[in-house]
file data21.pdb (PDB, C-alpha atoms)
ATOM      1  CA  MET Q   1     107.662 119.220  88.167
ATOM      2  CA  PRO Q   2     105.915 118.915  91.522
ATOM      3  CA  ARG Q   3     106.170 121.853  93.886
ATOM      4  CA  ILE Q   4     106.592 119.482  96.846
ATOM      5  CA  SER Q   5     108.930 116.512  96.776
ATOM      6  CA  LEU Q   6     107.555 112.993  96.609
ATOM      7  CA  ILE Q   7     108.550 110.935  99.622
ATOM      8  CA  GLU Q   8     110.276 107.686  98.726
ATOM      9  CA  GLU Q   9     109.458 104.499 100.586
ATOM     10  CA  GLY Q  10     112.135 103.653 103.120
ATOM     11  CA  ARG Q  11     113.344 107.256 103.448
ATOM     12  CA  ASP Q  12     111.955 107.636 106.955
ATOM     13  CA  PRO Q  13     111.412 104.477 109.023
ATOM     14  CA  ALA Q  14     108.858 106.351 111.163
ATOM     15  CA  LEU Q  15     106.576 106.565 108.086
ATOM     16  CA  LYS Q  16     106.611 102.808 107.437
ATOM     17  CA  PRO Q  17     103.383 102.000 109.345
ATOM     18  CA  LEU Q  18     101.541 104.817 107.548
ATOM     19  CA  ILE Q  19     102.905 103.812 104.147
ATOM     20  CA  ASP Q  20     101.980 100.176 104.812
ATOM     21  CA  LYS Q  21      98.430 101.283 105.693
ATOM     22  CA  ILE Q  22      98.204 103.398 102.539
ATOM     23  CA  LYS Q  23      99.374 100.513 100.396
ATOM     24  CA  ALA Q  24      96.928  98.130 102.091
ATOM     25  CA  GLU Q  25      94.003 100.461 101.391
ATOM     26  CA  ARG Q  26      95.111 101.595  97.923
ATOM     27  CA  GLY Q  27      95.797  98.360  96.090
ATOM     28  CA  GLY Q  28      99.433  98.007  97.091
ATOM     29  CA  ARG Q  29     100.428 101.396  95.682
ATOM     30  CA  PHE Q  30     102.011 104.413  97.339
ATOM     31  CA  LEU Q  31     100.531 106.968  94.955
ATOM     32  CA  ASN Q  32     102.056 110.378  94.327
ATOM     33  CA  LEU Q  33      99.233 112.061  96.218
ATOM     34  CA  TYR Q  34     100.118 110.112  99.369
ATOM     35  CA  ARG Q  35     103.845 110.513  98.693
ATOM     36  CA  THR Q  36     103.200 114.245  98.973
ATOM     37  CA  LEU Q  37     100.747 114.131 101.863
ATOM     38  CA  ALA Q  38     103.183 111.988 103.887
ATOM     39  CA  HIS Q  39     105.200 115.149 104.575
ATOM     40  CA  SER Q  40     102.466 115.739 107.167
ATOM     41  CA  PRO Q  41     101.693 112.296 108.612
ATOM     42  CA  GLY Q  42      98.634 113.404 110.581
ATOM     43  CA  ILE Q  43      97.013 115.073 107.591
ATOM     44  CA  CYS Q  44      97.967 112.102 105.420
ATOM     45  CA  GLU Q  45      96.352 109.648 107.825
ATOM     46  CA  GLY Q  46      93.196 111.759 108.155
ATOM     47  CA  TRP Q  47      92.991 112.118 104.377
ATOM     48  CA  LEU Q  48      93.381 108.364 103.933
ATOM     49  CA  HIS Q  49      90.633 107.673 106.448
ATOM     50  CA  LEU Q  50      88.198 110.176 104.910
ATOM     51  CA  PHE Q  51      88.705 108.949 101.364
ATOM     52  CA  THR Q  52      88.555 105.285 102.372
ATOM     53  CA  GLU Q  53      85.151 106.011 103.926
ATOM     54  CA  ILE Q  54      83.977 107.856 100.812
ATOM     55  CA  ARG Q  55      85.293 105.417  98.220
ATOM     56  CA  GLN Q  56      85.016 102.057  99.947
ATOM     57  CA  LYS Q  57      82.542 102.204 102.823
ATOM     58  CA  ALA Q  58      79.771 104.605 101.816
ATOM     59  CA  LYS Q  59      76.266 103.446 100.899
ATOM     60  CA  LEU Q  60      76.219 105.864  97.928
ATOM     61  CA  ASP Q  61      76.363 103.908  94.687
ATOM     62  CA  GLY Q  62      79.682 103.891  92.863
ATOM     63  CA  LEU Q  63      78.308 105.301  89.635
ATOM     64  CA  SER Q  64      76.971 108.421  91.358
ATOM     65  CA  ARG Q  65      80.214 108.784  93.321
ATOM     66  CA  GLU Q  66      82.425 108.541  90.244
ATOM     67  CA  LEU Q  67      80.134 110.766  88.188
ATOM     68  CA  ALA Q  68      80.459 113.494  90.818
ATOM     69  CA  ILE Q  69      84.236 113.031  91.067
ATOM     70  CA  MET Q  70      84.674 113.181  87.297
ATOM     71  CA  ARG Q  71      82.534 116.320  87.024
ATOM     72  CA  VAL Q  72      84.513 118.021  89.822
ATOM     73  CA  ALA Q  73      87.706 117.198  87.940
ATOM     74  CA  VAL Q  74      86.289 118.650  84.708
ATOM     75  CA  ILE Q  75      85.094 121.861  86.370
ATOM     76  CA  ASN Q  76      88.359 122.389  88.234
ATOM     77  CA  GLY Q  77      90.625 121.402  85.342
ATOM     78  CA  ALA Q  78      92.202 118.702  87.524
ATOM     79  CA  ASP Q  79      93.791 116.423  84.954
ATOM     80  CA  TYR Q  80      95.444 114.085  87.500
ATOM     81  CA  GLU Q  81      92.098 113.499  89.220
ATOM     82  CA  TYR Q  82      90.293 113.112  85.888
ATOM     83  CA  LYS Q  83      92.727 110.529  84.517
ATOM     84  CA  ALA Q  84      92.974 108.668  87.826
ATOM     85  CA  HIS Q  85      89.196 108.237  88.066
ATOM     86  CA  GLN Q  86      88.357 107.317  84.459
ATOM     87  CA  PRO Q  87      88.950 103.584  85.062
ATOM     88  CA  PHE Q  88      86.844 103.689  88.246
ATOM     89  CA  ALA Q  89      84.049 105.520  86.427
ATOM     90  CA  ILE Q  90      83.994 102.910  83.670
ATOM     91  CA  ARG Q  91      84.128 100.078  86.207
ATOM     92  CA  GLU Q  92      81.099 101.618  87.968
ATOM     93  CA  GLY Q  93      79.085 101.725  84.737
ATOM     94  CA  MET Q  94      79.795 105.039  83.021
ATOM     95  CA  THR Q  95      80.334 104.819  79.299
ATOM     96  CA  GLN Q  96      83.206 106.509  77.522
ATOM     97  CA  ALA Q  97      80.617 108.610  75.694
ATOM     98  CA  GLN Q  98      79.240 109.845  79.037
ATOM     99  CA  ILE Q  99      82.746 110.663  80.239
ATOM    100  CA  ASP Q 100      83.485 112.524  77.006
ATOM    101  CA  ALA Q 101      80.230 114.509  77.274
ATOM    102  CA  LEU Q 102      80.873 115.731  80.832
ATOM    103  CA  PRO Q 103      82.079 119.208  79.820
ATOM    104  CA  ALA Q 104      78.706 119.891  78.135
ATOM    105  CA  TRP Q 105      76.456 117.513  80.084
ATOM    106  CA  THR Q 106      73.527 119.941  80.171
ATOM    107  CA  VAL Q 107      72.991 119.569  76.420
ATOM    108  CA  SER Q 108      73.586 115.819  76.294
ATOM    109  CA  ASP Q 109      70.906 113.147  76.305
ATOM    110  CA  LEU Q 110      73.313 110.507  77.625
ATOM    111  CA  TYR Q 111      72.420 110.935  81.285
ATOM    112  CA  THR Q 112      69.512 109.556  83.303
ATOM    113  CA  PRO Q 113      67.457 111.867  85.557
ATOM    114  CA  LYS Q 114      69.411 110.543  88.568
ATOM    115  CA  MET Q 115      72.724 111.294  86.847
ATOM    116  CA  ARG Q 116      71.495 114.761  85.897
ATOM    117  CA  ALA Q 117      70.589 115.409  89.540
ATOM    118  CA  VAL Q 118      74.129 114.422  90.588
ATOM    119  CA  LEU Q 119      75.685 116.593  87.894
ATOM    120  CA  GLY Q 120      73.530 119.615  88.715
ATOM    121  CA  TYR Q 121      74.316 119.264  92.414
ATOM    122  CA  THR Q 122      78.021 118.888  91.678
ATOM    123  CA  ASP Q 123      77.988 121.998  89.502
ATOM    124  CA  SER Q 124      76.172 124.057  92.131
ATOM    125  CA  MET Q 125      78.378 122.953  94.998
ATOM    126  CA  THR Q 126      81.577 123.421  93.014
ATOM    127  CA  GLN Q 127      80.832 126.618  91.136
ATOM    128  CA  GLN Q 128      78.335 128.569  93.233
ATOM    129  CA  ILE Q 129      78.769 126.963  96.680
ATOM    130  CA  HIS Q 130      75.128 127.711  97.508
ATOM    131  CA  VAL Q 131      72.730 125.078  96.173
ATOM    132  CA  PRO Q 132      69.283 126.239  95.001
ATOM    133  CA  ASP Q 133      66.301 124.444  96.538
ATOM    134  CA  ALA Q 134      65.234 122.996  93.177
ATOM    135  CA  ILE Q 135      68.624 121.347  92.623
ATOM    136  CA  PHE Q 136      68.646 119.921  96.136
ATOM    137  CA  ALA Q 137      65.091 118.655  95.674
ATOM    138  CA  ALA Q 138      66.158 116.829  92.496
ATOM    139  CA  VAL Q 139      68.909 115.081  94.459
ATOM    140  CA  ARG Q 140      66.454 114.088  97.193
ATOM    141  CA  GLU Q 141      64.211 112.420  94.604
ATOM    142  CA  HIS Q 142      66.960 109.837  94.093
ATOM    143  CA  PHE Q 143      68.856 109.601  97.378
ATOM    144  CA  ASP Q 144      67.951 109.025 101.017
ATOM    145  CA  GLU Q 145      69.465 111.179 103.764
ATOM    146  CA  ARG Q 146      72.557 109.025 104.257
ATOM    147  CA  GLU Q 147      73.251 108.900 100.517
ATOM    148  CA  THR Q 148      72.690 112.665 100.272
ATOM    149  CA  VAL Q 149      75.232 113.262 103.046
ATOM    150  CA  GLU Q 150      77.676 110.926 101.310
ATOM    151  CA  LEU Q 151      77.156 112.570  97.913
ATOM    152  CA  THR Q 152      77.620 116.005  99.453
ATOM    153  CA  ALA Q 153      80.776 114.874 101.271
ATOM    154  CA  THR Q 154      82.104 113.288  98.078
ATOM    155  CA  ILE Q 155      81.655 116.486  96.081
ATOM    156  CA  GLY Q 156      83.197 118.611  98.826
ATOM    157  CA  ALA Q 157      86.073 116.196  99.384
ATOM    158  CA  TYR Q 158      86.957 115.893  95.712
ATOM    159  CA  ASN Q 159      86.965 119.657  95.390
ATOM    160  CA  LEU Q 160      89.612 119.513  98.131
ATOM    161  CA  VAL Q 161      91.503 116.864  96.159
ATOM    162  CA  SER Q 162      91.511 118.805  92.901
ATOM    163  CA  ARG Q 163      92.542 122.030  94.594
ATOM    164  CA  PHE Q 164      95.376 120.261  96.412
ATOM    165  CA  LEU Q 165      96.564 118.429  93.284
ATOM    166  CA  GLU Q 166      96.565 121.551  91.148
ATOM    167  CA  ALA Q 167      98.213 123.778  93.772
ATOM    168  CA  VAL Q 168     101.175 121.418  94.203
ATOM    169  CA  GLN Q 169     101.284 120.471  90.494
ATOM    170  CA  MET Q 170     100.954 116.763  91.190
ATOM    171  CA  PRO Q 171     102.665 114.613  88.552
ATOM    172  CA  HIS Q 172     100.785 111.697  87.016
ATOM    173  CA  GLU Q 173     101.620 108.195  88.168
ATOM    174  CA  THR Q 174     103.012 107.232  84.779
ATOM    175  CA  GLY Q 175     106.541 108.490  84.374
ATOM    176  CA  GLU Q 176     106.792 109.068  88.106
ATOM    177  CA  LEU Q 177     109.307 111.656  89.189
ATOM    178  CA  LYS Q 178     111.904 110.869  91.806
ATOM    179  CA  ALA Q 179     111.802 112.794  95.055
ATOM    180  CA  HIS Q 180     114.227 115.681  95.071
ATOM    181  CA  ASN Q 181     115.208 115.648  98.719
TER     182      ASN Q 181
END

call {"tool": "encode", "arguments": {"input": "data21.pdb", "output": "structure tokens"}}
result
Amino acid sequence: MPRISLIEEGRDPALKPLIDKIKAERGGRFLNLYRTLAHSPGICEGWLHLFTEIRQKAKLDGLSRELAIMRVAVINGADYEYKAHQPFAIREGMTQAQIDALPAWTVSDLYTPKMRAVLGYTDSMTQQIHVPDAIFAAVREHFDERETVELTATIGAYNLVSRFLEAVQMPHETGELKAHN
């Protein structure tokens, strides 16, 4: 049961332009995350803009992006985020075996040096906050400055996502719950 009600389309005519924008940028869907965020239209619109930039407009390759997102979800125990991004991760080139090995990636031989750099950076940023020079240097071997900024923003942003989702106990899209107000 979500801790915050899910806004239904049509409930508030003032939200229609925002909901239309969300649906246009998210494949025609008004996902539960945005149904919750819409309680604060300004935050919802800012969130949409940030994540559209990260997911659709960044130079960072999709495989690195989804690898970081999936690892953040694993570390933070964010099941909604994890399940939502599995199809994207596969579409970007991750194998199911790589996805399954994420909890113990350090002992797996399924990841390239570039992937290992992303995973190490994601772990440091998510678990320790402070990133050791050696881990940052490994990232810089594979990414230019723009890509490094985008990878860093992706990891930080998806830590925000998982913390938000878990705090409000976001329900999965399947078996959607009806808003209770």

call {"tool": "closest_atom_pairs", "arguments": {"input": "data21.pdb", "of": "stretch 43-160 of chain Q", "to": "stretch 11-28 of chain Q", "cutoff": "8 Å", "atoms": "all atoms listed in the file", "output": "JSON lines"}}
result
{"residue": "Q:Glu45", "atom": "CA", "partner": "Q:Leu18", "partner_atom": "CA", "distance": 7.1}
{"residue": "Q:Leu48", "atom": "CA", "partner": "Q:Ile22", "partner_atom": "CA", "distance": 7.1}
{"residue": "Q:Thr52", "atom": "CA", "partner": "Q:Glu25", "partner_atom": "CA", "distance": 7.3}

call {"tool": "closest_atom_pairs", "arguments": {"input": "data21.pdb", "of": "stretch 15-91 of chain Q", "to": "stretch 158-163 of chain Q", "cutoff": "7 Å", "atoms": "all atoms listed in the file", "output": "tab-separated table"}}
result
residue	atom	partner	partner_atom	distance
Q:Ile69	CA	Q:Tyr158	CA	6.1
Q:Val72	CA	Q:Asn159	CA	6.3
Q:Ala73	CA	Q:Ser162	CA	6.5
Q:Asn76	CA	Q:Ser162	CA	6.7
Q:Ala78	CA	Q:Ser162	CA	5.4
Q:Glu81	CA	Q:Ser162	CA	6.5

call {"tool": "atom_distance", "arguments": {"input": "data21.pdb", "atom1": "atom CA of Q:Leu67", "atom2": "atom CA of Q:Val118"}}
result
7.4 Å

call {"tool": "closest_residue", "arguments": {"input": "data21.pdb", "among": "Q:Arg65, Q:Arg55, Q:His49, Q:Arg3", "to": "Q:Met94", "atoms": "all atoms listed in the file"}}
result
Q:Arg65

call {"tool": "atom_distance", "arguments": {"input": "data21.pdb", "atom1": "atom CA of Q:Gly62", "atom2": "atom CA of Q:His85"}}
result
11.5 Å

call {"tool": "atom_distance", "arguments": {"input": "data21.pdb", "atom1": "atom CA of Q:Ala157", "atom2": "atom CA of Q:Lys114"}}
result
20.7 Å

call {"tool": "resolve_selection", "arguments": {"input": "data21.pdb", "expression": "the PyMOL selection byres ((chain Q and resi 84) around 12)", "output": "PyMOL selection string"}}
result
chain Q and resi 31-33+66+69-70+73+78-83+85-90+161-162+165+170-174

call {"tool": "residues_around", "arguments": {"input": "data21.pdb", "residues": "Q:Arg146", "least_positions_apart": "3", "cutoff": "9 Å", "atoms": "only C-alpha atoms", "output": "PyMOL selection string"}}
result
chain Q and resi 58-60+143+149-151

call {"tool": "closest_residue", "arguments": {"input": "data21.pdb", "among": "Q:Glu147, Q:Arg116, Q:Ile155, Q:Pro103", "to": "Q:Ile129", "atoms": "only C-alpha atoms"}}
result
Q:Ile155

call {"tool": "closest_residue", "arguments": {"input": "data21.pdb", "among": "Q:Asp123, Q:Gln128, Q:Gly156, Q:Met115", "to": "Q:Glu141", "atoms": "all atoms listed in the file"}}
result
Q:Met115

call {"tool": "resolve_selection", "arguments": {"input": "data21.pdb", "expression": "the PyMOL selection byres ((chain Q and resi 136) around 12)", "output": "list in words"}}
result
Arg116, Ala117, Val118, Leu119, Gly120, Tyr121, Thr122, Asp123, Ser124, Met125, His130, Val131, Pro132, Asp133, Ala134, Ile135, Ala137, Ala138, Val139, Arg140, Glu141, His142, Phe143, Asp144, Glu145, Thr148, Val149, Leu151 and Thr152 of chain Q

call {"tool": "residues_near_point", "arguments": {"input": "data21.pdb", "point": "(106.3, 116.9, 98.7)", "cutoff": "10 Å", "atoms": "all atoms listed in the file", "output": "VMD selection string"}}
result
chain Q and resid 2 to 7 32 to 40 168 170 179 to 181

call {"tool": "resolve_selection", "arguments": {"input": "data21.pdb", "expression": "the PyMOL selection byres ((chain Q and resi 110) around 9)", "output": "PyMOL selection string"}}
result
chain Q and resi 97-98+101+105+108-109+111-112

call {"tool": "decode", "arguments": {"input": "data21.pdb", "residues": "stretch 78-99 of chain Q", "atoms": "N, CA and C atoms", "output": "PDB file, in the first residue's frame"}}
result
ATOM      1  N   ALA Q  78      15.916  -1.491  -3.872  1.00  0.00           N
ATOM      2  CA  ALA Q  78      14.789  -0.799  -4.510  1.00  0.00           C
ATOM      3  C   ALA Q  78      14.190  -1.692  -5.594  1.00  0.00           C
ATOM      4  N   ASP Q  79      13.266  -2.532  -5.198  1.00  0.00           N
ATOM      5  CA  ASP Q  79      12.691  -3.525  -6.088  1.00  0.00           C
ATOM      6  C   ASP Q  79      11.938  -2.904  -7.264  1.00  0.00           C
ATOM      7  N   TYR Q  80      11.191  -1.832  -7.017  1.00  0.00           N
ATOM      8  CA  TYR Q  80      10.449  -1.156  -8.097  1.00  0.00           C
ATOM      9  C   TYR Q  80      11.426  -0.689  -9.171  1.00  0.00           C
ATOM     10  N   GLU Q  81      12.487  -0.022  -8.750  1.00  0.00           N
ATOM     11  CA  GLU Q  81      13.501   0.488  -9.672  1.00  0.00           C
ATOM     12  C   GLU Q  81      14.177  -0.668 -10.418  1.00  0.00           C
ATOM     13  N   TYR Q  82      14.518  -1.709  -9.687  1.00  0.00           N
ATOM     14  CA  TYR Q  82      15.185  -2.877 -10.262  1.00  0.00           C
ATOM     15  C   TYR Q  82      14.324  -3.510 -11.356  1.00  0.00           C
ATOM     16  N   LYS Q  83      13.071  -3.782 -11.038  1.00  0.00           N
ATOM     17  CA  LYS Q  83      12.177  -4.426 -12.003  1.00  0.00           C
ATOM     18  C   LYS Q  83      11.866  -3.504 -13.180  1.00  0.00           C
ATOM     19  N   ALA Q  84      11.719  -2.220 -12.912  1.00  0.00           N
ATOM     20  CA  ALA Q  84      11.407  -1.269 -13.982  1.00  0.00           C
ATOM     21  C   ALA Q  84      12.550  -1.158 -14.987  1.00  0.00           C
ATOM     22  N   HIS Q  85      13.798  -1.304 -14.518  1.00  0.00           N
ATOM     23  CA  HIS Q  85      14.935  -1.092 -15.407  1.00  0.00           C
ATOM     24  C   HIS Q  85      15.500  -2.365 -16.028  1.00  0.00           C
ATOM     25  N   GLN Q  86      15.062  -3.541 -15.607  1.00  0.00           N
ATOM     26  CA  GLN Q  86      15.550  -4.766 -16.236  1.00  0.00           C
ATOM     27  C   GLN Q  86      15.345  -4.772 -17.753  1.00  0.00           C
ATOM     28  N   PRO Q  87      14.156  -4.437 -18.255  1.00  0.00           N
ATOM     29  CA  PRO Q  87      13.991  -4.449 -19.716  1.00  0.00           C
ATOM     30  C   PRO Q  87      14.901  -3.441 -20.426  1.00  0.00           C
ATOM     31  N   PHE Q  88      15.115  -2.281 -19.817  1.00  0.00           N
ATOM     32  CA  PHE Q  88      16.009  -1.282 -20.413  1.00  0.00           C
ATOM     33  C   PHE Q  88      17.442  -1.803 -20.423  1.00  0.00           C
ATOM     34  N   ALA Q  89      17.846  -2.443 -19.335  1.00  0.00           N
ATOM     35  CA  ALA Q  89      19.209  -2.976 -19.247  1.00  0.00           C
ATOM     36  C   ALA Q  89      19.437  -4.024 -20.336  1.00  0.00           C
ATOM     37  N   ILE Q  90      18.492  -4.902 -20.525  1.00  0.00           N
ATOM     38  CA  ILE Q  90      18.614  -5.927 -21.560  1.00  0.00           C
ATOM     39  C   ILE Q  90      18.624  -5.285 -22.945  1.00  0.00           C
ATOM     40  N   ARG Q  91      17.748  -4.313 -23.153  1.00  0.00           N
ATOM     41  CA  ARG Q  91      17.708  -3.615 -24.443  1.00  0.00           C
ATOM     42  C   ARG Q  91      19.035  -2.919 -24.738  1.00  0.00           C
ATOM     43  N   GLU Q  92      19.738  -2.459 -23.703  1.00  0.00           N
ATOM     44  CA  GLU Q  92      21.012  -1.764 -23.893  1.00  0.00           C
ATOM     45  C   GLU Q  92      22.199  -2.716 -23.986  1.00  0.00           C
ATOM     46  N   GLY Q  93      21.962  -4.029 -23.847  1.00  0.00           N
ATOM     47  CA  GLY Q  93      23.025  -4.992 -24.071  1.00  0.00           C
ATOM     48  C   GLY Q  93      23.476  -5.800 -22.872  1.00  0.00           C
ATOM     49  N   MET Q  94      22.896  -5.589 -21.707  1.00  0.00           N
ATOM     50  CA  MET Q  94      23.232  -6.441 -20.565  1.00  0.00           C
ATOM     51  C   MET Q  94      22.591  -7.807 -20.764  1.00  0.00           C
ATOM     52  N   THR Q  95      23.274  -8.822 -20.307  1.00  0.00           N
ATOM     53  CA  THR Q  95      22.702 -10.164 -20.350  1.00  0.00           C
ATOM     54  C   THR Q  95      21.971 -10.440 -19.036  1.00  0.00           C
ATOM     55  N   GLN Q  96      21.078 -11.402 -19.073  1.00  0.00           N
ATOM     56  CA  GLN Q  96      20.399 -11.784 -17.834  1.00  0.00           C
ATOM     57  C   GLN Q  96      21.407 -12.287 -16.805  1.00  0.00           C
ATOM     58  N   ALA Q  97      22.438 -12.977 -17.270  1.00  0.00           N
ATOM     59  CA  ALA Q  97      23.471 -13.464 -16.352  1.00  0.00           C
ATOM     60  C   ALA Q  97      24.177 -12.289 -15.658  1.00  0.00           C
ATOM     61  N   GLN Q  98      24.458 -11.226 -16.399  1.00  0.00           N
ATOM     62  CA  GLN Q  98      25.081 -10.045 -15.783  1.00  0.00           C
ATOM     63  C   GLN Q  98      24.140  -9.394 -14.769  1.00  0.00           C
ATOM     64  N   ILE Q  99      22.875  -9.313 -15.107  1.00  0.00           N
ATOM     65  CA  ILE Q  99      21.897  -8.757 -14.168  1.00  0.00           C
ATOM     66  C   ILE Q  99      21.852  -9.609 -12.907  1.00  0.00           C
TER      67      ILE Q  99
END
